[in-house]
Amino acid sequence: MARARAILTMTVMIGLQLVPLRAGADQARDQVQATVDQVLEVLSDPGLAGAQHTAARRAKIRTIVLGRFGFEEMAKRSLGATWYQRRPAEQKQFVDLFTDLLERSYISRIESYKGEKIVYPGESIQGDRAEVNSVILSHGDRSTIDYRLVRVDDGWEVYDLVIDGISLVNNYRMQFAHIIGQSGYDGLLTKMRAKQEAEEESDRDLAAPPVQ
Amino acid sequence: MNRVRLELTVGLFVLVGLACGAWLSLRLGSVSLPGRRGYSVSASFGSVEGLSEGTSVMIAGVRVGRIERIGLKDDRALVRLRIDRQVVLHDDAIASVRSRGLVGEKFVAISPGASPRTIPPGGLILDTEDAVNVEQLIAQFIHGRIQ
């Protein structure tokens, strides 16, 4: 009898430990999926389609993405040791610049979405971090996007995107380290600002009506 | 007297020769001496195709350890790395399977990160990048992607 009770107690204890873990992973996947679905809804909205609605469409996507992506965490991880040597005001300035560049690159990438099927085959959780795997299936072609998330107060926040096996943070970390090594932190800011200006100019060209 | 001196000299030469041989075999076999073994950390990958035990772990192109064991856990490759004692890995470290040249030997490259939290001995590098399948890329390039 005592043995049966002990086994029951152990089973309940193990069960109690497993429930939050599973719930955590499911919650991370649900949150990623909800964000992606919201973005896809904007992209398939006929009222927001076409070059003339680019600004409105991107503003909507930006609001959705900002709610789920931890751009500060991404910027911090991408900048590496230099982040910790900067003053808070400089860190904020860097996050703004980084967010702007990343948003443009990510948004222009997802704007090329043409109704492909997206599946979420797996997710895993390890302490306060989680990974949600997604696969985009398009005419026999297969592309993977893994979302890496960290637990925050109100759920999960994306801190890295692994597209077809390549980590966004690692890619930027290597590039930033290279530029800082060559021309210092100020050189990096100059390069990022130049890219931002070039992108803004191309956005203006895109929004402007074609010359007849 | 001379004979004793001669025997001592020969003995000394033999000892020096043996010591050199032992040192060489330790160096060439990448065997670590006890006390200088460093610490272990693990990393989980989706694919480690081409990676083998004993190959290098590098930071910025410098060898900082070796691959101790490759196993399978939950359909993923679990790799145990032996890292030199003086190397500190931070919580935001990223381990990637890379290759020397296009079809060269595979190794693990670590970007050590800078977070105030460090990975303790026996810990886990959570962020990894899998081996890029070069053959698949070449096949897609030759035969074209189905669009």
# chains A, B, ... in the order shown; residues from 1 in each chain; ligands from 1
$ closest_atom_pairs --of "chain B" --to "chain A" --cutoff "10 Å" --atoms "only C-alpha atoms" --output "Markdown table"
| residue | atom | partner | partner_atom | distance |
| --- | --- | --- | --- | --- |
| B:Gly46 | CA | A:Gly165 | CA | 9.1 |
| B:Ser47 | CA | A:Gly165 | CA | 9.9 |
| B:Asp92 | CA | A:Arg77 | CA | 6.7 |
| B:Ala93 | CA | A:Arg77 | CA | 9.0 |
| B:Ile94 | CA | A:Asn170 | CA | 7.1 |
| B:Ala95 | CA | A:Asn170 | CA | 9.4 |
| B:Ser96 | CA | A:Ile166 | CA | 9.2 |
| B:Ile110 | CA | A:Asn170 | CA | 10.0 |
| B:Ser111 | CA | A:Asn170 | CA | 7.6 |
| B:Pro112 | CA | A:Gly80 | CA | 8.9 |
| B:Gly113 | CA | A:Gly80 | CA | 5.8 |
| B:Ala114 | CA | A:Ala81 | CA | 4.9 |
| B:Ser115 | CA | A:Gly80 | CA | 7.6 |
| B:Pro116 | CA | A:Tyr84 | CA | 9.1 |
| B:Leu124 | CA | A:Gln126 | CA | 9.7 |
| B:Leu126 | CA | A:Gln126 | CA | 8.1 |
| B:Asp127 | CA | A:Arg148 | CA | 8.3 |
| B:Thr128 | CA | A:Ser167 | CA | 8.1 |
| B:Glu129 | CA | A:Gly165 | CA | 5.8 |
| B:Asp130 | CA | A:Gly165 | CA | 5.9 |
| B:Ala131 | CA | A:Gly165 | CA | 7.9 |
| B:Val132 | CA | A:Gly165 | CA | 7.2 |
| B:Asn133 | CA | A:Gly165 | CA | 9.9 |
| B:Arg145 | CA | A:Asp141 | CA | 7.5 |
| B:Ile146 | CA | A:Asp141 | CA | 6.4 |
| B:Gln147 | CA | A:His139 | CA | 6.0 |
$ select_by_dssp --residues "segment 30-126 of chain A" --states "helix (DSSP H, G or I)" --output "PyMOL selection string"
chain A and resi 30-43+46-48+51-68+71-79+81-85+88-110
$ atom_distance --atom1 "atom CA of Lys114 of chain A" --atom2 "atom CA of Arg29 of chain A"
22.5 Å
$ closest_residue --among "B:Val4, B:Ala77, B:Leu15, B:Val10" --to "Leu51 of chain B" --atoms "only C-alpha atoms"
B:Ala77
$ closest_residue --among "A:Gly115, A:Met74, A:Tyr172, A:Val95" --to "Asp45 of chain A" --atoms "only C-alpha atoms"
A:Gly115
$ atom_distance --atom1 "atom CA of Asp74 of chain B" --atom2 "atom CA of Ile125 of chain B"
16.6 Å
$ atom_distance --atom1 "atom CA of Gly71 of chain B" --atom2 "atom CA of Gly38 of chain B"
20.5 Å
$ residues_around --residues "Val152 of chain A" --least-positions-apart "3" --cutoff "12 Å" --atoms "only C-alpha atoms" --output "compact mmCIF listing (two decimals) with N, CA, C and O atoms, in the first residue's frame"
# COMPACT_ATOMS: atom_id res chain seq x y z
N GLY A 24 4.92 25.53 -21.58
CA GLY A 24 5.86 26.59 -21.99
C GLY A 24 6.19 26.49 -23.46
O GLY A 24 6.13 27.47 -24.19
N ALA A 28 5.11 29.06 -26.47
CA ALA A 28 6.08 29.71 -27.36
C ALA A 28 5.66 29.51 -28.81
O ALA A 28 5.65 30.46 -29.59
N GLY A 67 5.88 43.63 -31.32
CA GLY A 67 5.29 43.02 -30.14
C GLY A 67 5.92 41.68 -29.78
O GLY A 67 5.79 41.22 -28.65
N ARG A 68 6.55 41.03 -30.73
CA ARG A 68 7.06 39.68 -30.49
C ARG A 68 8.59 39.60 -30.55
O ARG A 68 9.21 38.74 -29.96
N PHE A 69 9.22 40.50 -31.31
CA PHE A 69 10.67 40.44 -31.48
C PHE A 69 11.39 41.30 -30.45
O PHE A 69 11.04 42.46 -30.26
N GLY A 70 12.36 40.71 -29.78
CA GLY A 70 13.14 41.47 -28.81
C GLY A 70 14.34 42.09 -29.51
O GLY A 70 15.43 41.53 -29.51
N GLU A 73 17.47 42.69 -27.36
CA GLU A 73 18.21 41.45 -27.09
C GLU A 73 19.01 41.03 -28.33
O GLU A 73 20.17 40.62 -28.23
N ASP A 128 14.94 29.11 -19.53
CA ASP A 128 14.17 30.28 -19.94
C ASP A 128 14.28 30.53 -21.45
O ASP A 128 14.00 31.63 -21.92
N ARG A 129 14.75 29.52 -22.18
CA ARG A 129 14.88 29.69 -23.64
C ARG A 129 14.07 28.62 -24.37
O ARG A 129 13.88 27.51 -23.86
N ALA A 130 13.59 28.97 -25.55
CA ALA A 130 12.82 28.02 -26.35
C ALA A 130 13.18 28.16 -27.82
O ALA A 130 13.73 29.19 -28.23
N LEU A 149 13.71 31.88 -28.78
CA LEU A 149 12.99 32.82 -27.90
C LEU A 149 13.51 32.77 -26.47
O LEU A 149 14.02 31.73 -26.02
N GLY A 155 5.34 36.48 -21.63
CA GLY A 155 5.40 35.41 -22.63
C GLY A 155 6.81 35.18 -23.16
O GLY A 155 7.75 35.09 -22.38
N TRP A 156 6.93 35.13 -24.49
CA TRP A 156 8.21 34.82 -25.12
C TRP A 156 8.58 35.88 -26.13
O TRP A 156 7.72 36.41 -26.81
N GLU A 157 9.90 36.13 -26.26
CA GLU A 157 10.37 37.18 -27.14
C GLU A 157 11.44 36.57 -28.05
O GLU A 157 12.34 35.87 -27.57
N VAL A 158 11.36 36.82 -29.36
CA VAL A 158 12.33 36.26 -30.31
C VAL A 158 13.67 37.00 -30.19
O VAL A 158 13.69 38.23 -30.24
N TYR A 159 14.77 36.25 -29.98
CA TYR A 159 16.08 36.91 -29.93
C TYR A 159 16.99 36.48 -31.09
O TYR A 159 18.06 37.05 -31.29
$ residues_around --residues "segment 57-67 of chain B" --least-positions-apart "6" --cutoff "8 Å" --atoms "only C-alpha atoms" --output "PyMOL selection string"
chain B and resi 79-84+87+107-112
$ closest_residue --among "A:Ile64, A:Val135, A:Ala198, A:Ala51" --to "Ala34 of chain A" --atoms "only C-alpha atoms"
A:Ile64
